[in-house]
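Q: Attaching a single structure in structure tokens format; questions to follow.
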Amino acid sequence: MKKCSLDMVVSANIPLGSNHFLLKFTHKEQLPEMLPGQFVQVRVDNAPGVFLRRPISVNFVDQQKNELWLLVQKVGEGTRKMSEYKTGDVVNMLLPLGNSFTMPQSAQSRLLLVGGGVGIAPLLYMGSLLKQQGCNPMFLLGARSADGLMQIDDFKQFGEVFITTEDGSAGEKGFVTQHSKLQEHIDKIYTCGPTPMMQAVARFAQNNDIECEASLENKMACGFGACLCCVTQTQSGHKCVCSEGPVFNTKELSWQI
Ligand SMILES: Cc1cc2nc3c(=O)[nH]c(=O)nc-3n(C[C@H](O)[C@H](O)[C@H](O)COP(=O)(O)OP(=O)(O)OC[C@H]3O[C@@H](n4cnc5c(N)ncnc54)[C@H](O)[C@@H]3O)c2cc1C
Ligand code: FES
């Protein structure tokens with residue numbers, strides 16, 4: 001898939017709680033095809049300490065409005081600078097990067113998309129495309145507390161939503177892997193979030209003989225396979241998360257689970 005360097009124009013910057021924001025970008029020409037699980041590398045200008053582009057997942061592509069959405073958590077200088085973007089600002093991005101989640105063989109498959117924190121980001125786009133293909137995905141979204149839950153109404157457009165919070169302020173109390181929905185039959189799980197959460201999900205999938213794909217968020221530099229700073233150990237040696245991932249079948253990963 002051809003990678004482009006595009007000057008995207010900010011069409012909205014919507015704060016979601018104190019620590020997250022949703023950026024919407026548009027472009028004068030038709031956006032290139034982007035697959036669910038792929039990411040973009042954002043060049044953060046006018047931030048002296050930010051030398052490298054910042055990898056951010058494709059959160060949603062609104063075909064009608066020719067809009068790309070990025071859901072971002074403020075963690076350091078780069079993402080803080082991004083939180084200051086205003087409508088009309090021009091931001092350079094490399095896109096689309098990485099591989100993608102695998103579509104199911106059958107629309108009848110019972111699919112569970114499990115996300116934690118800002119790791120829910122790629123699951124919205126994946127859910128939208130599954131729905132377009134006639135599937136009925138289920139979303140299991142976890143956060144520390146109710147105020148960490150985001151885009152719930154957007155997810156509800158594409159499937160049933162189940163929630164866990166660690167403090168019990170919304171949905172079932174506990175971790176995503178403790179949700180009662182996991183007692184039901186599931187054919188395949190797609191997950192993204194903090195590594196310990198994804199490893200717990202992968203362990204559940206392994207113990208129950210369920211196919212599972214996880215989207216990793218290793219630290220990155222170039223974002224396209226040139227610097228080897230993002231490698232992860234797999235059953236077939238080291239692999240670049242940026243170019244051979246970020247999505248891996250969890251059976252392929254050398255996780256101690
Ligand atoms: C493929 C991919 C997709 C991603 N998608 C999203 C997304 O959709 N939304 C989003 O908000 N973030 C996403 N991230 C994480 C995001 O890239 C980092 O949070 C961001 O680069 C931090 O930049 P910064 O300058 O704000 O912070 P920095 O000053 O670079 O770092 C601040 C803190 O964040 C930690 N950090 C930096 N990069 C990462 C990382 N990759 N994973 C975990 N911790 C990190 C650092 O160790 C440090 O403690 C993704 C990362 C990858 C690799
Ligand atoms: S970030 Fe450079 S090889 Fe992956």
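Identifiers for the structure tokens are assigned positionally: chains receive A, B, ... in sequence, residues are indexed from 1 per chain, and ligands are indexed from 1 in the order shown.
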List all protein, DNA and RNA residues that have any atom at most 6 Å from ligand 1, counting only C-alpha atoms and all ligand atoms, and write the list as number ranges by chain.

A: A: 39, 54-57, 71-80, 118, 121, 217-220, 246

Q: I need the residues in stretch 3-244 of chain A that are strand (DSSP E) according to DSSP; give them as number ranges by chain.

A: A: 4-16, 20-26, 39-42, 54-57, 60-62, 67-73, 90-97, 111-116, 138-143, 160-165, 172-173, 188-192, 211-215, 231-234, 237-240

Q: Could you pull the residues within 9 Å of A:Ser5, counting only C-alpha atoms, minus those fewer than 5 positions along the same chain, as an mmCIF file with C-alpha atoms, in the first residue's frame?

A:
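Final file, result.cif:
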```
data_model
loop_
_atom_site.group_PDB
_atom_site.id
_atom_site.type_symbol
_atom_site.label_atom_id
_atom_site.label_comp_id
_atom_site.auth_asym_id
_atom_site.auth_seq_id
_atom_site.Cartn_x
_atom_site.Cartn_y
_atom_site.Cartn_z
ATOM 1 C CA ASN A 92 1.939 16.892 8.036
ATOM 2 C CA MET A 93 1.414 13.135 8.327
ATOM 3 C CA LEU A 94 2.828 9.963 6.830
ATOM 4 C CA LEU A 95 0.044 7.512 6.146
#
```

Q: Could the residues that lie within 7 Å of ligand 2, counting only C-alpha atoms and all ligand atoms, be listed as a PyMOL selection string?

A: chain A and resi 220-231+240-243

Q: Let me see the file: selected residues, C-alpha atoms, as a PDB file, in the first residue's frame.

A:
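The file below, part.pdb, is the result:
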```pdb
ATOM      1  CA  MET A 220       8.709   3.958  17.429  1.00  0.00           C
ATOM      2  CA  ALA A 221      11.030   6.275  15.537  1.00  0.00           C
ATOM      3  CA  CYS A 222      10.890   6.037  11.725  1.00  0.00           C
ATOM      4  CA  GLY A 223       7.568   4.147  11.561  1.00  0.00           C
ATOM      5  CA  PHE A 224       8.375   2.271   8.344  1.00  0.00           C
ATOM      6  CA  GLY A 225      10.939  -0.438   9.104  1.00  0.00           C
ATOM      7  CA  ALA A 226      14.227   1.469   8.714  1.00  0.00           C
ATOM      8  CA  CYS A 227      15.577   1.956  12.260  1.00  0.00           C
ATOM      9  CA  LEU A 228      14.654  -1.347  14.014  1.00  0.00           C
ATOM     10  CA  CYS A 229      13.835   0.466  17.259  1.00  0.00           C
ATOM     11  CA  CYS A 230      10.353  -1.029  17.560  1.00  0.00           C
ATOM     12  CA  VAL A 231      11.079  -4.779  17.339  1.00  0.00           C
ATOM     13  CA  CYS A 240       9.266  -4.654  13.402  1.00  0.00           C
ATOM     14  CA  VAL A 241       6.034  -3.567  15.022  1.00  0.00           C
ATOM     15  CA  CYS A 242       5.787  -0.589  12.665  1.00  0.00           C
ATOM     16  CA  SER A 243       6.062  -2.433   9.340  1.00  0.00           C
TER      17      SER A 243
END
```

Q: Dump as a tab-separated table the rows for residues of stretch 32-135 of chain A within 9 Å of stretch 161-180 of chain A: closest atom pair and distance in Å with one decimal, only C-alpha atoms counted, ordered by chain and rising residue number.

A:
```
residue	atom	partner	partner_atom	distance
A:Val114	CA	A:Val176	CA	7.5
A:Gly115	CA	A:Val176	CA	8.3
A:Gly116	CA	A:Val176	CA	8.0
```

Q: What is the atom CA of A:Arg110-atom CA of A:Glu33 distance in Å, reported with one decimal?

A: 26.2 Å

Q: Extract, using only C-alpha atoms, all DNA, RNA and protein residues at most 12 Å from A:Thr234, discarding same-chain residues fewer than 5 positions from it, and format them as a PyMOL selection string.

A: chain A and resi 239-241+244-245+248-256

Q: Could you write out the selected residues, including all heavy atoms, as a JSON list (two decimals), in the first residue's frame?

A:
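Result file out_26.json:
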```json
[["chain", "number", "residue", "atom", "x", "y", "z"],
["A", 239, "LYS", "N", 10.46, -9.05, 15.00],
["A", 239, "LYS", "CA", 9.70, -8.39, 13.93],
["A", 239, "LYS", "C", 9.50, -6.92, 14.26],
["A", 239, "LYS", "O", 9.35, -6.55, 15.44],
["A", 239, "LYS", "CB", 8.34, -9.06, 13.75],
["A", 239, "LYS", "CG", 8.46, -10.44, 13.14],
["A", 239, "LYS", "CD", 7.18, -10.90, 12.48],
["A", 239, "LYS", "CE", 7.46, -12.15, 11.66],
["A", 239, "LYS", "NZ", 6.24, -12.80, 11.20],
["A", 240, "CYS", "N", 9.51, -6.09, 13.22],
["A", 240, "CYS", "CA", 9.27, -4.65, 13.40],
["A", 240, "CYS", "C", 7.77, -4.44, 13.63],
["A", 240, "CYS", "O", 6.96, -4.81, 12.78],
["A", 240, "CYS", "CB", 9.65, -3.88, 12.15],
["A", 240, "CYS", "SG", 11.38, -3.60, 11.99],
["A", 241, "VAL", "N", 7.46, -3.82, 14.74],
["A", 241, "VAL", "CA", 6.03, -3.57, 15.02],
["A", 241, "VAL", "C", 5.46, -2.56, 14.03],
["A", 241, "VAL", "O", 4.30, -2.64, 13.64],
["A", 241, "VAL", "CB", 5.85, -3.09, 16.49],
["A", 241, "VAL", "CG1", 4.41, -2.66, 16.75],
["A", 241, "VAL", "CG2", 6.24, -4.21, 17.45],
["A", 244, "GLU", "N", 5.82, -4.74, 10.18],
["A", 244, "GLU", "CA", 5.26, -6.10, 10.15],
["A", 244, "GLU", "C", 4.06, -6.19, 11.08],
["A", 244, "GLU", "O", 3.35, -7.18, 11.13],
["A", 244, "GLU", "CB", 6.35, -7.11, 10.51],
["A", 244, "GLU", "CG", 7.48, -7.09, 9.49],
["A", 244, "GLU", "CD", 8.67, -7.89, 9.92],
["A", 244, "GLU", "OE1", 9.49, -7.37, 10.71],
["A", 244, "GLU", "OE2", 8.80, -9.03, 9.46],
["A", 245, "GLY", "N", 3.85, -5.22, 11.92],
["A", 245, "GLY", "CA", 2.69, -5.06, 12.79],
["A", 245, "GLY", "C", 2.03, -3.75, 12.38],
["A", 245, "GLY", "O", 2.20, -3.34, 11.24],
["A", 248, "PHE", "N", -0.71, -8.30, 15.44],
["A", 248, "PHE", "CA", -0.17, -9.66, 15.42],
["A", 248, "PHE", "C", -1.21, -10.62, 15.96],
["A", 248, "PHE", "O", -1.97, -10.26, 16.89],
["A", 248, "PHE", "CB", 1.08, -9.76, 16.33],
["A", 248, "PHE", "CG", 2.26, -8.97, 15.82],
["A", 248, "PHE", "CD1", 2.43, -7.64, 16.20],
["A", 248, "PHE", "CD2", 3.19, -9.55, 14.96],
["A", 248, "PHE", "CE1", 3.51, -6.89, 15.73],
["A", 248, "PHE", "CE2", 4.27, -8.81, 14.49],
["A", 248, "PHE", "CZ", 4.43, -7.49, 14.87],
["A", 249, "ASN", "N", -1.20, -11.84, 15.39],
["A", 249, "ASN", "CA", -1.97, -12.90, 16.03],
["A", 249, "ASN", "C", -1.24, -13.21, 17.33],
["A", 249, "ASN", "O", -0.01, -13.36, 17.33],
["A", 249, "ASN", "CB", -2.00, -14.14, 15.12],
["A", 249, "ASN", "CG", -2.95, -15.19, 15.66],
["A", 249, "ASN", "OD1", -2.87, -15.58, 16.82],
["A", 249, "ASN", "ND2", -3.86, -15.63, 14.81],
["A", 250, "THR", "N", -1.95, -13.27, 18.45],
["A", 250, "THR", "CA", -1.24, -13.39, 19.73],
["A", 250, "THR", "C", -0.49, -14.72, 19.85],
["A", 250, "THR", "O", 0.44, -14.83, 20.63],
["A", 250, "THR", "CB", -2.20, -13.19, 20.92],
["A", 250, "THR", "OG1", -3.34, -14.06, 20.76],
["A", 250, "THR", "CG2", -2.68, -11.75, 21.00],
["A", 251, "LYS", "N", -0.87, -15.74, 19.05],
["A", 251, "LYS", "CA", -0.13, -17.01, 19.07],
["A", 251, "LYS", "C", 1.28, -16.81, 18.55],
["A", 251, "LYS", "O", 2.19, -17.57, 18.84],
["A", 251, "LYS", "CB", -0.83, -18.02, 18.15],
["A", 251, "LYS", "CG", -2.02, -18.70, 18.76],
["A", 251, "LYS", "CD", -2.48, -19.82, 17.83],
["A", 251, "LYS", "CE", -3.98, -19.99, 17.92],
["A", 251, "LYS", "NZ", -4.59, -20.34, 16.65],
["A", 252, "GLU", "N", 1.45, -15.77, 17.70],
["A", 252, "GLU", "CA", 2.74, -15.51, 17.07],
["A", 252, "GLU", "C", 3.71, -14.81, 18.03],
["A", 252, "GLU", "O", 4.92, -14.84, 17.84],
["A", 252, "GLU", "CB", 2.45, -14.58, 15.87],
["A", 252, "GLU", "CG", 3.38, -14.71, 14.69],
["A", 252, "GLU", "CD", 3.14, -13.55, 13.74],
["A", 252, "GLU", "OE1", 1.96, -13.19, 13.50],
["A", 252, "GLU", "OE2", 4.13, -13.01, 13.24],
["A", 253, "LEU", "N", 3.15, -14.14, 19.04],
["A", 253, "LEU", "CA", 4.00, -13.33, 19.93],
["A", 253, "LEU", "C", 4.65, -14.19, 21.01],
["A", 253, "LEU", "O", 4.03, -15.16, 21.48],
["A", 253, "LEU", "CB", 3.15, -12.23, 20.59],
["A", 253, "LEU", "CG", 2.58, -11.19, 19.63],
["A", 253, "LEU", "CD1", 1.51, -10.35, 20.33],
["A", 253, "LEU", "CD2", 3.69, -10.30, 19.10],
["A", 254, "SER", "N", 5.87, -13.82, 21.41],
["A", 254, "SER", "CA", 6.55, -14.59, 22.47],
["A", 254, "SER", "C", 6.21, -14.00, 23.83],
["A", 254, "SER", "O", 7.10, -13.64, 24.61],
["A", 254, "SER", "CB", 8.05, -14.56, 22.23],
["A", 254, "SER", "OG", 8.36, -15.12, 21.00],
["A", 255, "TRP", "N", 4.94, -13.84, 24.10],
["A", 255, "TRP", "CA", 4.52, -13.32, 25.41],
["A", 255, "TRP", "C", 4.52, -14.46, 26.41],
["A", 255, "TRP", "O", 4.08, -15.58, 26.09],
["A", 255, "TRP", "CB", 3.09, -12.75, 25.32],
["A", 255, "TRP", "CG", 3.03, -11.35, 24.78],
["A", 255, "TRP", "CD1", 4.06, -10.50, 24.59],
["A", 255, "TRP", "CD2", 1.84, -10.64, 24.38],
["A", 255, "TRP", "NE1", 3.60, -9.30, 24.10],
["A", 255, "TRP", "CE2", 2.24, -9.36, 23.96],
["A", 255, "TRP", "CE3", 0.48, -10.96, 24.34],
["A", 255, "TRP", "CZ2", 1.35, -8.39, 23.52],
["A", 255, "TRP", "CZ3", -0.42, -10.00, 23.89],
["A", 255, "TRP", "CH2", 0.01, -8.72, 23.49],
["A", 256, "GLN", "N", 5.00, -14.20, 27.61],
["A", 256, "GLN", "CA", 4.93, -15.19, 28.69],
["A", 256, "GLN", "C", 3.55, -15.07, 29.32],
["A", 256, "GLN", "O", 3.36, -14.30, 30.25],
["A", 256, "GLN", "CB", 6.02, -14.90, 29.75],
["A", 256, "GLN", "CG", 7.43, -14.83, 29.21],
["A", 256, "GLN", "CD", 7.87, -16.15, 28.59],
["A", 256, "GLN", "OE1", 7.67, -17.21, 29.17],
["A", 256, "GLN", "NE2", 8.45, -16.09, 27.40]]
```

Q: Per DSSP on the backbone, what are the helix (DSSP H, G or I) residues of stretch 9-242 of chain A, as a ChimeraX atom specification?

A: /A:77-82,117-132,146-148,152-156,176-178,180-183,195-207

Q: Would you put the residues from that selection into a file with N, CA and C atoms, as a short mmCIF file (atom, residue, chain, number, x, y, z; two decimals), in the first residue's frame?

A:
```
data_model
loop_
_atom_site.label_atom_id
_atom_site.label_comp_id
_atom_site.auth_asym_id
_atom_site.auth_seq_id
_atom_site.Cartn_x
_atom_site.Cartn_y
_atom_site.Cartn_z
N GLU A 77 5.27 16.00 25.59
CA GLU A 77 5.30 17.27 24.86
C GLU A 77 4.59 17.18 23.50
N GLY A 78 4.83 16.05 22.80
CA GLY A 78 4.25 15.93 21.46
C GLY A 78 2.73 15.94 21.49
N THR A 79 2.18 15.10 22.32
CA THR A 79 0.70 15.02 22.36
C THR A 79 0.10 16.29 23.00
N ARG A 80 0.86 16.92 23.91
CA ARG A 80 0.36 18.19 24.48
C ARG A 80 0.27 19.25 23.38
N LYS A 81 1.31 19.28 22.52
CA LYS A 81 1.29 20.25 21.40
C LYS A 81 0.11 19.95 20.48
N MET A 82 -0.11 18.65 20.24
CA MET A 82 -1.23 18.29 19.35
C MET A 82 -2.57 18.73 19.95
N GLY A 117 -8.43 2.04 27.81
CA GLY A 117 -7.87 3.39 27.73
C GLY A 117 -7.94 3.91 26.30
N VAL A 118 -6.86 4.60 25.87
CA VAL A 118 -6.84 5.17 24.52
C VAL A 118 -6.64 4.07 23.46
N GLY A 119 -6.39 2.85 23.92
CA GLY A 119 -6.30 1.69 23.03
C GLY A 119 -7.62 1.35 22.34
N ILE A 120 -8.69 1.98 22.75
CA ILE A 120 -9.96 1.79 22.03
C ILE A 120 -9.87 2.39 20.63
N ALA A 121 -8.87 3.30 20.41
CA ALA A 121 -8.85 4.11 19.17
C ALA A 121 -9.02 3.30 17.88
N PRO A 122 -8.20 2.27 17.61
CA PRO A 122 -8.35 1.60 16.31
C PRO A 122 -9.60 0.73 16.23
N LEU A 123 -10.22 0.45 17.37
CA LEU A 123 -11.36 -0.49 17.37
C LEU A 123 -12.63 0.16 16.82
N LEU A 124 -12.70 1.50 16.88
CA LEU A 124 -13.90 2.16 16.33
C LEU A 124 -13.93 1.98 14.82
N TYR A 125 -12.79 2.21 14.17
CA TYR A 125 -12.74 2.08 12.70
C TYR A 125 -12.95 0.61 12.31
N MET A 126 -12.31 -0.30 13.06
CA MET A 126 -12.48 -1.73 12.78
C MET A 126 -13.97 -2.09 12.90
N GLY A 127 -14.61 -1.61 13.97
CA GLY A 127 -16.03 -1.91 14.19
C GLY A 127 -16.89 -1.38 13.05
N SER A 128 -16.56 -0.18 12.55
CA SER A 128 -17.37 0.42 11.48
C SER A 128 -17.28 -0.44 10.21
N LEU A 129 -16.07 -0.95 9.92
CA LEU A 129 -15.91 -1.75 8.70
C LEU A 129 -16.53 -3.13 8.86
N LEU A 130 -16.47 -3.69 10.08
CA LEU A 130 -17.14 -4.98 10.32
C LEU A 130 -18.64 -4.83 10.10
N LYS A 131 -19.19 -3.73 10.63
CA LYS A 131 -20.63 -3.48 10.46
C LYS A 131 -20.97 -3.35 8.97
N GLN A 132 -20.13 -2.60 8.25
CA GLN A 132 -20.34 -2.44 6.79
C GLN A 132 -20.37 -3.78 6.07
N ALA A 146 -15.47 5.88 35.15
CA ALA A 146 -16.41 6.33 34.11
C ALA A 146 -15.85 7.49 33.30
N ASP A 147 -15.09 8.40 33.94
CA ASP A 147 -14.64 9.56 33.17
C ASP A 147 -13.51 9.21 32.18
N GLY A 148 -13.04 7.99 32.20
CA GLY A 148 -12.04 7.57 31.21
C GLY A 148 -12.66 6.88 30.00
N ILE A 152 -18.37 6.35 23.44
CA ILE A 152 -19.31 5.23 23.64
C ILE A 152 -20.46 5.31 22.62
N ASP A 153 -20.98 6.53 22.40
CA ASP A 153 -22.11 6.65 21.44
C ASP A 153 -21.66 6.31 20.02
N ASP A 154 -20.41 6.62 19.69
CA ASP A 154 -19.88 6.25 18.36
C ASP A 154 -19.81 4.73 18.23
N PHE A 155 -19.31 4.07 19.27
CA PHE A 155 -19.22 2.60 19.23
C PHE A 155 -20.61 1.98 19.10
N LYS A 156 -21.59 2.58 19.78
CA LYS A 156 -22.95 2.00 19.77
C LYS A 156 -23.56 1.99 18.37
N VAL A 176 -11.42 -5.89 32.10
CA VAL A 176 -12.18 -6.40 30.94
C VAL A 176 -12.24 -7.94 30.94
N THR A 177 -11.16 -8.57 31.39
CA THR A 177 -11.12 -10.04 31.36
C THR A 177 -12.06 -10.67 32.39
N GLN A 178 -12.64 -9.84 33.26
CA GLN A 178 -13.58 -10.38 34.26
C GLN A 178 -15.03 -10.18 33.84
N SER A 180 -18.72 -10.50 32.38
CA SER A 180 -19.58 -11.70 32.25
C SER A 180 -19.79 -12.09 30.78
N LYS A 181 -19.62 -11.12 29.86
CA LYS A 181 -19.81 -11.42 28.43
C LYS A 181 -18.84 -12.51 27.97
N LEU A 182 -17.71 -12.61 28.64
CA LEU A 182 -16.70 -13.59 28.22
C LEU A 182 -17.13 -15.03 28.50
N GLN A 183 -18.24 -15.19 29.24
CA GLN A 183 -18.76 -16.56 29.47
C GLN A 183 -19.44 -17.09 28.22
N THR A 195 -0.29 -3.09 27.53
CA THR A 195 0.23 -4.45 27.31
C THR A 195 -0.29 -5.46 28.34
N PRO A 196 -0.30 -5.16 29.64
CA PRO A 196 -0.79 -6.16 30.59
C PRO A 196 -2.25 -6.57 30.29
N MET A 197 -3.06 -5.58 29.85
CA MET A 197 -4.45 -5.91 29.50
C MET A 197 -4.49 -6.83 28.29
N MET A 198 -3.70 -6.50 27.25
CA MET A 198 -3.72 -7.34 26.04
C MET A 198 -3.19 -8.74 26.36
N GLN A 199 -2.20 -8.82 27.26
CA GLN A 199 -1.68 -10.15 27.61
C GLN A 199 -2.73 -10.96 28.37
N ALA A 200 -3.50 -10.29 29.22
CA ALA A 200 -4.58 -11.00 29.94
C ALA A 200 -5.65 -11.46 28.94
N VAL A 201 -5.94 -10.63 27.96
CA VAL A 201 -6.92 -11.01 26.93
C VAL A 201 -6.38 -12.19 26.11
N ALA A 202 -5.09 -12.13 25.77
CA ALA A 202 -4.47 -13.21 24.99
C ALA A 202 -4.48 -14.52 25.78
N ARG A 203 -4.26 -14.43 27.09
CA ARG A 203 -4.28 -15.63 27.95
C ARG A 203 -5.68 -16.23 27.95
N PHE A 204 -6.69 -15.35 28.09
CA PHE A 204 -8.09 -15.84 28.05
C PHE A 204 -8.36 -16.52 26.71
N ALA A 205 -7.91 -15.90 25.62
CA ALA A 205 -8.15 -16.46 24.28
C ALA A 205 -7.45 -17.81 24.15
N GLN A 206 -6.21 -17.88 24.62
CA GLN A 206 -5.45 -19.14 24.51
C GLN A 206 -6.13 -20.25 25.32
N ASN A 207 -6.57 -19.93 26.53
CA ASN A 207 -7.20 -20.94 27.39
C ASN A 207 -8.53 -21.42 26.84
#
```

Q: Which one of A:Pro32, A:Gly237, A:Gly142, A:Pro48 sits closest to A:Pro96 if you count only C-alpha atoms?

A: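 Among the listed residues, the smallest separation from A:Pro96 belongs to A:Pro32.
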
Q: Could you check how far atom CA of A:His27 sits from atom CA of A:Val10, in Å to one decimal?

A: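 Calculated distance between atom CA of A:His27 and atom CA of A:Val10 is 8.9 Å.
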
Q: Could you please determine the separation between atom CA of A:Gly49 and atom CA of A:Leu23 in Å, to one decimal place?

A: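 Interatomic distance, atom CA of A:Gly49 to atom CA of A:Leu23: 21.7 Å.
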
Q: Using only C-alpha atoms, which of the listed residues (A:Asn66, A:Asn13, A:Gln151, A:Thr102) sits closest to A:Lys28?

A: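 So, comparing all the options, the nearest one is A:Asn66.
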
Q: Calculated over only C-alpha atoms, which of the candidates A:Val91, A:Val247, A:Leu22, A:Cys4 has the smallest distance to A:Val44?

A: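 Nearest candidate to A:Val44 out of A:Val91, A:Val247, A:Leu22, A:Cys4: A:Val91.
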
Q: Nearest to A:Ile186 among A:Thr232, A:Gln63, A:Gln30, A:Gln108, with distances taken over only C-alpha atoms: which residue is it?

A: A:Gln108
